[in-house]
$ cat model14.cif   # mmCIF, C-alpha atoms and all ligand atoms
data_entry
#
loop_
_atom_site.label_atom_id
_atom_site.label_comp_id
_atom_site.auth_asym_id
_atom_site.auth_seq_id
_atom_site.Cartn_x
_atom_site.Cartn_y
_atom_site.Cartn_z
CA MET A 124 0.00 0.00 0.00
CA MET A 125 1.46 3.35 -1.07
CA LYS A 126 0.33 6.35 0.93
CA VAL A 127 0.06 9.72 -0.76
CA ALA A 128 -0.84 13.25 0.24
CA ILE A 129 -2.60 15.86 -1.87
CA LEU A 130 -1.76 19.52 -1.24
CA GLY A 131 -4.86 21.51 -2.18
CA HIS A 132 -8.52 20.60 -2.67
CA GLY A 133 -9.51 23.10 -5.34
CA THR A 134 -10.61 22.19 -8.85
CA VAL A 135 -7.60 20.02 -9.71
CA GLY A 136 -7.04 18.70 -6.16
CA SER A 137 -10.62 17.48 -5.76
CA GLY A 138 -10.31 15.93 -9.23
CA VAL A 139 -7.17 14.03 -8.16
CA ALA A 140 -8.97 12.68 -5.07
CA GLU A 141 -11.95 11.74 -7.24
CA VAL A 142 -9.88 9.92 -9.88
CA LEU A 143 -7.79 8.08 -7.28
CA THR A 144 -10.99 6.93 -5.57
CA SER A 145 -13.17 6.16 -8.59
CA HIS A 146 -10.40 4.33 -10.49
CA ALA A 147 -8.75 2.73 -7.44
CA GLU A 148 -8.83 -0.81 -8.82
CA SER A 149 -7.40 -0.12 -12.29
CA ILE A 150 -4.84 2.28 -10.82
CA ALA A 151 -3.66 -0.39 -8.34
CA ARG A 152 -3.37 -2.86 -11.19
CA ARG A 153 -1.23 -0.45 -13.21
CA ALA A 154 0.87 0.74 -10.29
CA LYS A 155 1.16 -2.86 -9.02
CA GLU A 156 0.26 -1.52 -5.59
CA GLU A 157 -2.79 0.03 -3.95
CA ILE A 158 -2.65 3.79 -3.50
CA GLU A 159 -4.25 5.34 -0.45
CA ILE A 160 -4.88 9.03 0.14
CA GLN A 161 -3.45 9.57 3.61
CA TYR A 162 -3.84 13.36 3.78
CA ILE A 163 -5.44 16.23 1.94
CA LEU A 164 -4.08 19.64 2.87
CA ASP A 165 -6.46 22.60 2.65
CA ILE A 166 -7.23 25.60 4.83
CA ARG A 167 -10.95 24.99 4.32
CA ASP A 168 -13.17 22.32 5.91
CA PHE A 169 -14.97 19.75 3.81
CA PRO A 170 -17.27 18.00 6.33
CA ASP A 171 -19.43 16.45 3.58
CA SER A 172 -16.55 14.91 1.67
CA PRO A 173 -16.33 11.08 1.82
CA LEU A 174 -12.65 11.70 2.60
CA HIS A 175 -13.39 14.21 5.41
CA ASP A 176 -11.23 12.27 7.89
CA ARG A 177 -8.08 12.77 5.72
CA PHE A 178 -8.14 16.57 5.78
CA THR A 179 -5.45 18.47 7.62
CA LYS A 180 -4.49 22.12 7.82
CA ASP A 181 -1.00 21.29 9.05
CA PHE A 182 1.60 20.73 6.32
CA ASN A 183 4.14 19.50 8.90
CA GLN A 184 1.93 16.54 9.70
CA ILE A 185 2.42 15.39 6.10
CA LEU A 186 6.11 16.25 6.03
CA GLN A 187 6.83 14.31 9.18
CA ASP A 188 4.88 11.20 8.24
CA PRO A 189 7.48 8.75 6.90
CA GLU A 190 4.76 6.57 5.42
CA VAL A 191 3.89 9.26 2.89
CA LYS A 192 6.30 8.75 0.01
CA ILE A 193 4.52 10.71 -2.73
CA VAL A 194 2.97 14.16 -2.56
CA ALA A 195 0.75 15.77 -5.22
CA GLU A 196 1.01 19.57 -5.18
CA VAL A 197 -2.10 21.02 -6.82
CA MET A 198 -2.45 24.29 -4.94
CA GLY A 199 -1.18 26.54 -7.73
CA GLY A 200 0.79 29.76 -7.28
CA LEU A 201 4.38 30.09 -6.14
CA HIS A 202 3.93 30.47 -2.41
CA PRO A 203 3.63 28.43 -0.32
CA ALA A 204 3.73 25.76 -3.06
CA PHE A 205 7.48 26.18 -3.65
CA ASP A 206 8.40 25.90 0.05
CA TYR A 207 6.21 22.84 0.48
CA VAL A 208 7.53 21.07 -2.62
CA LYS A 209 11.13 21.84 -1.71
CA ALA A 210 10.59 20.57 1.85
CA CYS A 211 9.02 17.36 0.54
CA LEU A 212 11.91 16.68 -1.84
CA GLU A 213 14.42 17.40 0.94
CA ASN A 214 12.58 14.97 3.19
CA GLY A 215 12.47 11.90 0.99
CA LYS A 216 9.13 12.41 -0.75
CA SER A 217 8.69 12.41 -4.52
CA VAL A 218 6.45 15.19 -5.80
CA VAL A 219 4.07 15.48 -8.73
CA THR A 220 2.51 18.81 -9.63
CA SER A 221 0.14 20.52 -12.06
CA ASN A 222 1.57 23.92 -11.12
CA LYS A 223 3.00 25.56 -14.26
CA GLU A 224 3.93 28.73 -12.40
CA LEU A 225 6.05 26.69 -10.02
CA VAL A 226 7.76 24.60 -12.71
CA ALA A 227 8.41 27.61 -14.96
CA ALA A 228 9.93 29.63 -12.11
CA LYS A 229 11.69 26.93 -10.07
CA GLY A 230 11.97 23.85 -12.27
CA ALA A 231 15.77 23.75 -12.51
CA GLU A 232 16.18 24.17 -8.74
CA LEU A 233 13.57 21.55 -7.85
CA LEU A 234 14.85 19.02 -10.40
CA LYS A 235 18.32 19.40 -8.91
CA ILE A 236 17.05 18.75 -5.39
CA ALA A 237 15.08 15.75 -6.63
CA GLN A 238 18.18 14.38 -8.38
CA LYS A 239 20.36 14.89 -5.30
CA ASN A 240 17.87 12.98 -3.15
CA ASN A 241 17.19 10.28 -5.75
CA LEU A 242 13.52 11.24 -5.93
CA ASN A 243 11.09 12.09 -8.68
CA PHE A 244 9.67 15.49 -9.51
CA LEU A 245 7.08 15.03 -12.26
CA PHE A 246 4.77 17.60 -13.86
CA GLU A 247 2.89 16.13 -16.81
CA ALA A 248 -0.22 18.17 -15.90
CA SER A 249 1.60 21.50 -15.96
CA VAL A 250 1.35 21.83 -19.76
CA GLY A 251 -1.69 20.89 -21.82
CA GLY A 252 -3.79 19.60 -18.89
CA GLY A 253 -4.79 16.07 -19.87
CA ILE A 254 -2.73 16.02 -23.09
CA PRO A 255 0.38 13.85 -22.82
CA ILE A 256 3.28 16.13 -23.80
CA ILE A 257 6.02 16.10 -21.13
CA ARG A 258 6.55 12.34 -21.36
CA PRO A 259 6.35 12.24 -25.17
CA ILE A 260 9.01 14.95 -25.45
CA SER A 261 11.31 13.48 -22.80
CA GLN A 262 10.85 9.82 -23.76
CA CYS A 263 9.01 8.99 -27.00
CA LEU A 264 10.72 11.67 -29.10
CA ALA A 265 14.07 11.29 -27.33
CA ALA A 266 15.85 10.07 -30.47
CA ASN A 267 15.05 13.36 -32.24
CA GLU A 268 16.61 16.76 -32.19
CA VAL A 269 13.62 18.96 -31.51
CA LEU A 270 13.78 21.75 -34.11
CA GLU A 271 10.77 23.72 -33.00
CA ILE A 272 7.73 23.61 -30.74
CA ALA A 273 4.68 25.75 -31.38
CA GLY A 274 1.47 25.46 -29.50
CA ILE A 275 -1.91 26.79 -28.58
CA LEU A 276 -1.25 26.46 -24.88
CA ASN A 277 -4.02 28.47 -23.26
CA GLY A 278 -7.62 27.28 -23.45
CA THR A 279 -9.23 30.53 -22.34
CA THR A 280 -7.68 32.70 -25.05
CA ASN A 281 -8.35 30.01 -27.63
CA PHE A 282 -12.00 30.01 -26.56
CA ILE A 283 -12.14 33.81 -26.88
CA LEU A 284 -10.49 33.84 -30.31
CA THR A 285 -12.74 31.01 -31.51
CA LYS A 286 -15.83 33.01 -30.48
CA MET A 287 -14.44 36.06 -32.31
CA ILE A 288 -13.65 34.03 -35.44
CA ARG A 289 -16.76 31.84 -35.62
CA GLU A 290 -19.45 34.07 -34.08
CA SER A 291 -18.02 37.59 -34.58
CA MET A 292 -18.28 38.09 -30.82
CA THR A 293 -16.26 41.01 -29.47
CA PHE A 294 -13.22 40.33 -27.31
CA GLU A 295 -14.97 41.73 -24.22
CA ASP A 296 -18.12 39.60 -24.67
CA ALA A 297 -16.09 36.46 -25.34
CA LEU A 298 -13.96 37.06 -22.22
CA ALA A 299 -17.09 37.56 -20.10
CA LEU A 300 -18.47 34.26 -21.44
CA ALA A 301 -15.18 32.44 -20.74
CA GLN A 302 -15.29 33.72 -17.17
CA LYS A 303 -18.92 32.71 -16.77
CA LEU A 304 -18.07 29.19 -17.96
CA GLY A 305 -15.19 29.01 -15.48
CA TYR A 306 -12.35 28.71 -18.03
CA ALA A 307 -10.39 31.84 -17.17
CA GLU A 308 -7.81 31.94 -14.37
CA ARG A 309 -8.87 33.80 -11.19
CA ASN A 310 -7.00 36.77 -12.59
CA PRO A 311 -7.80 36.68 -16.32
CA ALA A 312 -4.71 38.79 -17.06
CA ALA A 313 -2.63 35.60 -16.77
CA ASP A 314 -4.62 34.19 -19.69
CA ILE A 315 -5.31 37.19 -21.92
CA GLU A 316 -1.90 38.83 -21.49
CA GLY A 317 -0.20 35.57 -22.43
CA HIS A 318 1.55 34.82 -19.11
CA ASP A 319 -0.02 31.38 -18.70
CA ALA A 320 1.00 30.37 -22.24
CA CYS A 321 4.44 31.83 -21.55
CA ARG A 322 4.97 29.61 -18.51
CA LYS A 323 3.96 26.57 -20.53
CA ILE A 324 6.26 27.26 -23.50
CA CYS A 325 9.07 27.89 -20.99
CA ILE A 326 8.54 24.42 -19.54
CA LEU A 327 8.48 22.80 -22.99
CA ALA A 328 11.56 24.74 -24.09
CA SER A 329 13.47 23.78 -20.94
CA LEU A 330 12.59 20.15 -21.44
CA ALA A 331 13.27 20.00 -25.18
CA PHE A 332 16.53 21.97 -25.19
CA GLY A 333 17.91 21.11 -21.75
CA LYS A 334 18.28 24.56 -20.17
CA HIS A 335 15.88 26.43 -17.93
CA VAL A 336 14.02 29.28 -19.60
CA TYR A 337 12.53 31.80 -17.18
CA PRO A 338 9.26 33.54 -18.17
CA GLU A 339 10.73 37.01 -17.67
CA TRP A 340 13.19 36.35 -20.52
CA VAL A 341 10.40 35.67 -23.01
CA HIS A 342 8.81 38.33 -25.21
CA THR A 343 5.12 37.92 -24.41
CA GLU A 344 2.10 39.54 -26.03
CA GLY A 345 -1.51 38.71 -25.22
CA ILE A 346 -4.67 38.95 -27.30
CA THR A 347 -6.24 42.09 -25.80
CA LYS A 348 -5.48 44.22 -28.86
CA VAL A 349 -6.87 41.77 -31.41
CA THR A 350 -10.07 43.17 -32.95
CA LEU A 351 -12.81 41.72 -35.12
CA SER A 352 -11.31 43.67 -38.04
CA ASP A 353 -8.05 41.74 -37.62
CA VAL A 354 -10.01 38.49 -37.54
CA GLU A 355 -11.70 39.46 -40.84
CA TYR A 356 -8.40 40.44 -42.45
CA ALA A 357 -6.89 37.13 -41.32
CA ASP A 358 -9.77 35.37 -43.03
CA ALA A 359 -9.14 37.38 -46.22
CA TRP A 360 -5.47 36.39 -46.01
CA GLY A 361 -6.45 32.73 -45.74
CA GLY A 362 -6.07 31.86 -42.09
CA VAL A 363 -6.93 32.49 -38.47
CA ILE A 364 -5.40 34.29 -35.50
CA LYS A 365 -4.23 32.06 -32.64
CA LEU A 366 -2.21 32.79 -29.52
CA ILE A 367 0.96 30.81 -30.17
CA GLY A 368 3.81 29.96 -27.83
CA SER A 369 6.80 29.04 -29.96
CA VAL A 370 10.43 28.14 -29.49
CA LYS A 371 13.18 27.10 -31.88
CA HIS A 372 16.94 26.69 -31.88
CA THR A 373 19.03 29.39 -33.51
CA ASP A 374 22.33 28.73 -35.28
CA ASN A 375 24.36 30.33 -32.49
CA GLY A 376 23.25 27.83 -29.81
CA LYS A 377 20.56 30.11 -28.41
CA ILE A 378 16.80 29.83 -28.62
CA MET A 379 14.20 32.13 -30.18
CA ILE A 380 11.14 31.99 -27.97
CA MET A 381 8.00 34.10 -27.77
CA VAL A 382 4.29 34.18 -27.07
CA ALA A 383 2.13 36.29 -29.36
CA PRO A 384 -1.03 36.25 -31.45
CA MET A 385 -0.05 34.93 -34.87
CA MET A 386 -1.79 34.45 -38.18
CA ILE A 387 -1.57 30.83 -39.26
CA PRO A 388 -2.83 29.41 -42.56
CA ARG A 389 -6.12 27.53 -42.63
CA GLU A 390 -4.20 24.38 -43.68
CA SER A 391 -2.07 24.43 -40.52
CA GLN A 392 -2.64 21.53 -38.14
CA LEU A 393 -3.19 24.11 -35.40
CA ALA A 394 -5.78 26.17 -37.30
CA ASN A 395 -8.70 23.97 -36.33
CA VAL A 396 -7.76 23.63 -32.69
CA ASP A 397 -10.76 25.52 -31.37
CA ASP A 398 -12.62 26.43 -28.17
CA VAL A 399 -10.81 25.50 -24.95
CA PHE A 400 -8.76 22.82 -26.67
CA ASN A 401 -4.96 23.01 -26.83
CA GLY A 402 -2.76 21.83 -29.68
CA ILE A 403 1.00 21.43 -29.55
CA LEU A 404 3.15 20.85 -32.62
CA VAL A 405 6.59 19.34 -32.05
CA ARG A 406 8.89 19.45 -35.09
CA GLY A 407 11.50 16.70 -34.77
CA ASP A 408 14.38 16.20 -37.19
CA GLU A 409 13.47 12.54 -37.63
CA THR A 410 9.72 12.50 -37.04
CA GLY A 411 8.75 15.71 -38.83
CA ASP A 412 5.70 17.34 -37.31
CA VAL A 413 3.92 15.55 -34.44
CA VAL A 414 0.80 17.20 -33.07
CA PHE A 415 -0.77 16.68 -29.66
CA TYR A 416 -4.39 17.72 -29.22
CA GLY A 417 -6.91 17.62 -26.40
CA LYS A 418 -8.34 19.31 -23.37
CA GLY A 419 -5.72 21.62 -21.99
CA ALA A 420 -7.60 22.52 -18.83
CA GLY A 421 -10.38 21.34 -16.57
CA LYS A 422 -10.74 19.30 -13.42
CA LEU A 423 -10.69 15.70 -14.63
CA PRO A 424 -8.37 15.98 -17.66
CA THR A 425 -5.75 17.71 -15.50
CA ALA A 426 -6.34 15.30 -12.60
CA SER A 427 -5.83 12.38 -14.98
CA ALA A 428 -2.31 13.65 -15.78
CA VAL A 429 -1.52 14.20 -12.08
CA VAL A 430 -2.66 10.68 -11.19
CA ALA A 431 -0.62 9.22 -14.07
CA ASP A 432 2.45 10.88 -12.53
CA ILE A 433 1.54 9.42 -9.11
CA ILE A 434 1.35 5.95 -10.71
CA ASP A 435 4.74 6.53 -12.35
CA CYS A 436 6.21 7.54 -8.99
CA VAL A 437 4.82 4.40 -7.36
CA LYS A 438 6.39 2.27 -10.08
CA HIS A 439 9.70 4.11 -9.73
CA VAL A 440 9.79 4.64 -6.01
CA LYS A 441 13.36 3.40 -5.75
CA ALA A 442 14.59 4.65 -9.12
CA ARG A 443 14.66 8.09 -10.64
CA LYS A 444 12.86 8.86 -13.86
CA TYR A 445 15.32 10.77 -15.98
CA LEU A 446 13.77 14.21 -16.22
CA TYR A 447 16.25 17.03 -15.89
CA TRP A 448 17.48 20.35 -17.25
CA ASP A 449 20.28 22.70 -16.28
CA ASP A 450 19.98 26.25 -15.11
CA ALA A 451 20.82 28.98 -17.65
CA THR A 452 21.53 32.68 -17.96
CA ALA A 453 19.41 35.27 -19.76
CA ASP A 454 21.74 35.49 -22.77
CA TYR A 455 20.60 31.98 -23.72
CA VAL A 456 17.45 33.61 -25.14
CA GLU A 457 17.94 35.46 -28.42
CA ASP A 458 16.59 39.00 -28.78
CA TYR A 459 13.13 38.56 -30.34
CA ARG A 460 13.79 41.55 -32.62
CA LYS A 461 16.14 39.27 -34.57
CA ASN A 462 13.21 36.99 -35.39
CA GLU A 463 12.66 36.88 -39.16
CA THR A 464 9.02 36.98 -40.07
CA LEU A 465 6.30 38.19 -42.41
CA MET A 466 4.01 40.76 -40.79
CA TYR A 467 0.36 41.75 -41.07
CA VAL A 468 -0.16 45.49 -40.55
CA ARG A 469 -3.37 47.47 -40.00
CA ALA A 470 -3.04 51.23 -40.22
CA THR A 471 -5.05 54.43 -40.45
CA ALA A 472 -4.23 57.05 -43.11
CA GLU A 473 -5.94 59.87 -44.95
CA ASP A 474 -4.88 58.52 -48.32
CA CYS A 475 -4.71 54.72 -48.15
CA ASP A 476 -3.68 54.25 -51.80
CA ALA A 477 -0.69 56.53 -51.32
CA LEU A 478 0.22 54.79 -48.06
CA PHE A 479 0.00 51.42 -49.76
CA ASP A 480 2.45 52.54 -52.45
CA LYS A 481 4.85 53.80 -49.79
CA ALA A 482 4.61 50.55 -47.83
CA ASP A 483 5.12 48.54 -51.02
CA ALA A 484 8.31 50.45 -51.78
CA LEU A 485 9.59 50.37 -48.19
CA PHE A 486 9.07 46.65 -47.63
CA GLY A 487 10.02 45.59 -51.17
CA GLY A 488 6.53 44.20 -51.80
CA VAL A 489 3.36 44.06 -49.72
CA SER A 490 -0.10 42.61 -50.46
CA ARG A 491 -3.23 44.53 -49.62
CA LEU A 492 -6.10 42.91 -47.71
CA SER A 493 -9.72 43.95 -47.78
CA ARG A 494 -12.79 43.36 -45.70
CA PHE A 495 -16.46 44.21 -46.05
CA ASP A 496 -17.43 47.69 -44.81
CA ALA A 497 -13.90 48.76 -43.86
CA PRO A 498 -13.65 52.52 -43.14
CA GLU A 499 -12.09 54.49 -45.98
CA ASN A 500 -9.11 55.50 -43.90
CA GLU A 501 -8.19 51.90 -42.94
CA LEU A 502 -5.39 50.07 -44.74
CA ALA A 503 -4.37 46.47 -44.10
CA PHE A 504 -1.52 44.67 -45.79
CA TYR A 505 1.06 41.96 -45.18
CA THR A 506 4.73 41.99 -46.02
CA GLU A 507 5.98 39.52 -48.60
CA LYS A 508 9.67 39.23 -47.72
CA LEU A 509 11.11 37.76 -44.55
CA MET A 510 12.69 40.51 -42.43
CA SER A 511 13.83 40.81 -38.86
CA GLU A 512 11.36 42.40 -36.47
CA ALA A 513 13.87 45.18 -35.83
CA VAL A 514 13.89 46.11 -39.53
CA ILE A 515 10.10 45.85 -39.77
CA GLU A 516 9.73 48.14 -36.76
CA GLU A 517 12.10 50.66 -38.33
CA LYS A 518 10.14 50.71 -41.57
CA LEU A 519 6.84 51.05 -39.72
CA GLN A 520 8.27 54.05 -37.93
CA GLN A 521 9.10 55.57 -41.29
CA LEU A 522 5.49 55.00 -42.38
CA GLN A 523 4.30 56.77 -39.23
CA GLN A 524 6.58 59.69 -40.01
CA MET A 525 4.80 59.92 -43.36
CA GLY A 526 1.52 60.49 -41.53
CA ALA A 527 0.14 56.97 -41.08
CA GLN A 528 -0.89 55.53 -37.74
CA VAL A 529 0.01 51.88 -37.26
CA ASP A 530 -2.83 50.35 -35.21
CA MET A 531 -1.93 46.66 -35.19
CA THR A 532 0.78 44.25 -36.27
CA ILE A 533 0.50 40.46 -36.15
CA ARG A 534 3.22 38.00 -37.09
CA ILE A 535 2.50 35.50 -39.84
CA ALA A 536 3.74 32.09 -38.79
CA ASP A 537 4.85 29.23 -40.98
CA LEU A 538 3.04 26.46 -39.09
N1 LIG A 601 -6.38 29.12 -17.56
C1 LIG A 601 -5.69 28.03 -18.16
C2 LIG A 601 -6.17 27.89 -19.59
C3 LIG A 601 -5.94 26.79 -17.36
O1 LIG A 601 -7.15 28.54 -19.95
O2 LIG A 601 -5.58 27.15 -20.37
C4 LIG A 601 -5.07 25.61 -17.68
O3 LIG A 601 -3.72 25.86 -17.48
#
$ encode --input "model14.cif" --output "C-alpha cells" --more "lines below"
Ligand code: HSE
Amino acid sequence: MMKVAILGHGTVGSGVAEVLTSHAESIARRAKEEIEIQYILDIRDFPDSPLHDRFTKDFNQILQDPEVKIVAEVMGGLHPAFDYVKACLENGKSVVTSNKELVAAKGAELLKIAQKNNLNFLFEASVGGGIPIIRPISQCLAANEVLEIAGILNGTTNFILTKMIRESMTFEDALALAQKLGYAERNPAADIEGHDACRKICILASLAFGKHVYPEWVHTEGITKVTLSDVEYADAWGGVIKLIGSVKHTDNGKIMIMVAPMMIPRESQLANVDDVFNGILVRGDETGDVVFYGKGAGKLPTASAVVADIIDCVKHVKARKYLYWDDATADYVEDYRKNETLMYVRATAEDCDALFDKADALFGGVSRLSRFDAPENELAFYTEKLMSEAVIEEKLQQLQQMGAQVDMTIRIADL
C-alpha cells in the first residue's frame, strides 16, 4: 500500500482525489500496488466529503509522516507551493505537480534537489492539462533533435479567439463568457496577457533543449489588442489568428522563444484547434511534425495527468525517472527583434492608396487585404519578404513619419 498526500482541494485537487478513488482498482493494477490518500491539505473544511477524515491544515503533519512517500502539489501559485515542494523533496518524498507557475519559475532548482535525493519530480499536468506532452518529449521523441515547438497552450484565449472568429463576438463579450463558464484563471490577465501560455512554452523549451528558460526572458504579447477587423483580415489572407507559444533553436546555440497572437494558414494543423482545446506541434528532425491535441484545462483531464504521474512515482519509487534540465543565464534567449518573419499590418491614413504605395516600396513588396465595410481610412496589408522584427519596426516608424498611424501588427507564422 502506497500512501500519498494531496496539497490543495480546489478544482484540480478534488479531481485528483476523485480519480484516485473512482479508479482505485485499475490504478492499483497499473501501479502494481494500492494507493491510499493519507492526507489532503487545505485551509478549508470539507465535512461532507467522503474523505473528510483525511483533511489536515498542518503541512508538517504530512512532512513528518514517513509513510507518505509521494505528494501531489495542486495548490497553484508560487507560495507556499514552492516551500512545500522543496521541503518534501528534501525529506524523501517524490512530488508530482500541475503547477505551471512553479515549474516555470523553479523547475531547474527543484529538479536538482530531486536528483540529489534520488527522488522524482514530475509535472505532466503543468502543460496541456490532460494532453500527454512532457513524457512524449522526454521519452518517446528522445531520439530526435527537436527543431521547433509551437502550440496553442491556453484554453481561455483560444476560446475567446474562436468566439471572435466563428461568431463575430467582441473580445470583451467572449472574455465575459469564458469567465462565466469558469475557463479563465482567477485573474484573467494571466490568460489574456499571455503569461499562462508563456509559462507553458518555458517548460516545454526547458525540457526539449535542456536549459531552464525563465518567463521574464520571453517576449510575451496577449490577445487584448486583437479586434474583429483583424479576424476578418486574417480570413481574407487565408487563415486564423491564434495565440501561439513558440520556441526554436538558432544557429548560435541560443533559442528564439516568444508568445504572441499569430496568423496561421487555414491548412495548418493548429488552425482547427478551437474552443478550450490546446494543440501542440513538435517538429522533430526525424519524425517531422507531431501534433498533440486535447483538453488543456479542466478538473478531470488535469487530474488524470496528475494521477498518471503518481502511478509513475509508485512504479519508480526506488529509481529516478530521468527528467532534468540545467539552469541557464538570460543570454541563452535570443533577442526577439532578430526573429525573421512576415508581418500583417493594420493602419489608419488619410490617403490609403498613397500609403499602400509607400509601404510597397519600403518593404520591397506588400499585399493589400480587404474586408467588407472597412472605413475608408483603414489600410491592411502583409509583407511579402522575410525581415527581422527590428527592420520591420524601423520601416513602420518611417510610415508613421509619413503620416500613417500603425494600429496593429500580427506576425504571420509558418506552421
Ligand atoms: N487558464 C488556463 C487555460 C488553465 O485557460 O488554459 C489551464 O492551465
$ residues_near_ligand --input "model14.cif" --ligand "ligand LIG 601 (chain A)" --cutoff "8 Å" --atoms "all atoms listed in the file" --output "PyMOL selection string"
chain A and resi 223+249-252+276-281+306-308+311+313-314+319-320+399+401+419-421
$ residues_around --input "model14.cif" --residues "region 448-462 of chain A" --least-positions-apart "3" --cutoff "7 Å" --atoms "all atoms listed in the file" --output "list of chain:residue names"
A:Ala231, A:Ser329, A:Leu330, A:Gly333, A:Lys334, A:His335, A:Trp340, A:His342, A:Lys377, A:Ile378, A:Met379, A:Ser511, A:Glu512, A:Ala513
$ residues_around --input "model14.cif" --residues "region 360-370 of chain A" --least-positions-apart "5" --cutoff "6 Å" --atoms "all atoms listed in the file" --output "list of chain:residue names"
A:Glu271, A:Ile272, A:Ala273, A:Gly274, A:Ile275, A:Ile324, A:Met379, A:Ile380, A:Met381, A:Val382, A:Ala383, A:Pro384, A:Met385, A:Met386, A:Ile387, A:Pro388, A:Arg389
$ axis_aligned_box --input "model14.cif" --around "region 398-417 of chain A" --padding-each-side "3 Å" --output "AutoDock Vina command-line options"
--center_x 0.9 --center_y 19.5 --center_z -31.9 --size_x 33.0 --size_y 19.9 --size_z 19.9
$ residues_around --input "model14.cif" --residues "region 425-440 of chain A" --least-positions-apart "3" --cutoff "9 Å" --atoms "all atoms listed in the file" --output "count of residues only"
49
$ residues_around --input "model14.cif" --residues "region 518-530 of chain A" --least-positions-apart "2" --cutoff "10 Å" --atoms "all atoms listed in the file" --output "list in words"
Lys348, Val468, Arg469, Ala470, Thr471, Ala472, Glu473, Asp474, Cys475, Leu478, Phe479, Lys481, Ala482, Leu485, Phe486, Asn500, Glu501, Leu502, Ala503, Glu512, Ala513, Val514, Ile515, Glu516 and Thr532 of chain A
$ write_last_selection --input "model14.cif" --atoms "C-alpha atoms" --output "PDB file, in the coordinates of the input"
ATOM      1  CA  LYS A 348      -5.480  44.220 -28.860  1.00  0.00           C
ATOM      2  CA  VAL A 468      -0.160  45.490 -40.550  1.00  0.00           C
ATOM      3  CA  ARG A 469      -3.370  47.470 -40.000  1.00  0.00           C
ATOM      4  CA  ALA A 470      -3.040  51.230 -40.220  1.00  0.00           C
ATOM      5  CA  THR A 471      -5.050  54.430 -40.450  1.00  0.00           C
ATOM      6  CA  ALA A 472      -4.230  57.050 -43.110  1.00  0.00           C
ATOM      7  CA  GLU A 473      -5.940  59.870 -44.950  1.00  0.00           C
ATOM      8  CA  ASP A 474      -4.880  58.520 -48.320  1.00  0.00           C
ATOM      9  CA  CYS A 475      -4.710  54.720 -48.150  1.00  0.00           C
ATOM     10  CA  LEU A 478       0.220  54.790 -48.060  1.00  0.00           C
ATOM     11  CA  PHE A 479       0.000  51.420 -49.760  1.00  0.00           C
ATOM     12  CA  LYS A 481       4.850  53.800 -49.790  1.00  0.00           C
ATOM     13  CA  ALA A 482       4.610  50.550 -47.830  1.00  0.00           C
ATOM     14  CA  LEU A 485       9.590  50.370 -48.190  1.00  0.00           C
ATOM     15  CA  PHE A 486       9.070  46.650 -47.630  1.00  0.00           C
ATOM     16  CA  ASN A 500      -9.110  55.500 -43.900  1.00  0.00           C
ATOM     17  CA  GLU A 501      -8.190  51.900 -42.940  1.00  0.00           C
ATOM     18  CA  LEU A 502      -5.390  50.070 -44.740  1.00  0.00           C
ATOM     19  CA  ALA A 503      -4.370  46.470 -44.100  1.00  0.00           C
ATOM     20  CA  GLU A 512      11.360  42.400 -36.470  1.00  0.00           C
ATOM     21  CA  ALA A 513      13.870  45.180 -35.830  1.00  0.00           C
ATOM     22  CA  VAL A 514      13.890  46.110 -39.530  1.00  0.00           C
ATOM     23  CA  ILE A 515      10.100  45.850 -39.770  1.00  0.00           C
ATOM     24  CA  GLU A 516       9.730  48.140 -36.760  1.00  0.00           C
ATOM     25  CA  THR A 532       0.780  44.250 -36.270  1.00  0.00           C
TER      26      THR A 532
END
$ closest_residue --input "model14.cif" --among "A:Met466, A:Asp296, A:Gly131, A:Gln184" --to "Arg167 (chain A)" --atoms "all atoms listed in the file"
A:Gly131
$ closest_residue --input "model14.cif" --among "A:Asn240, A:Asn183, A:Asn214, A:Thr144" --to "Ala442 (chain A)" --atoms "only C-alpha atoms"
A:Asn240
$ residues_around --input "model14.cif" --residues "Ile185 (chain A)" --least-positions-apart "4" --cutoff "9 Å" --atoms "only C-alpha atoms" --output "JSON, numbers by chain"
{"A": [128, 161, 162, 163, 164, 179, 181, 189, 191, 194, 211]}
$ atom_distance --input "model14.cif" --atom1 "CA of Glu344 (chain A)" --atom2 "CA of Ala536 (chain A)"
14.9 Å
$ atom_distance --input "model14.cif" --atom1 "CA of Glu190 (chain A)" --atom2 "CA of Lys126 (chain A)"
6.3 Å
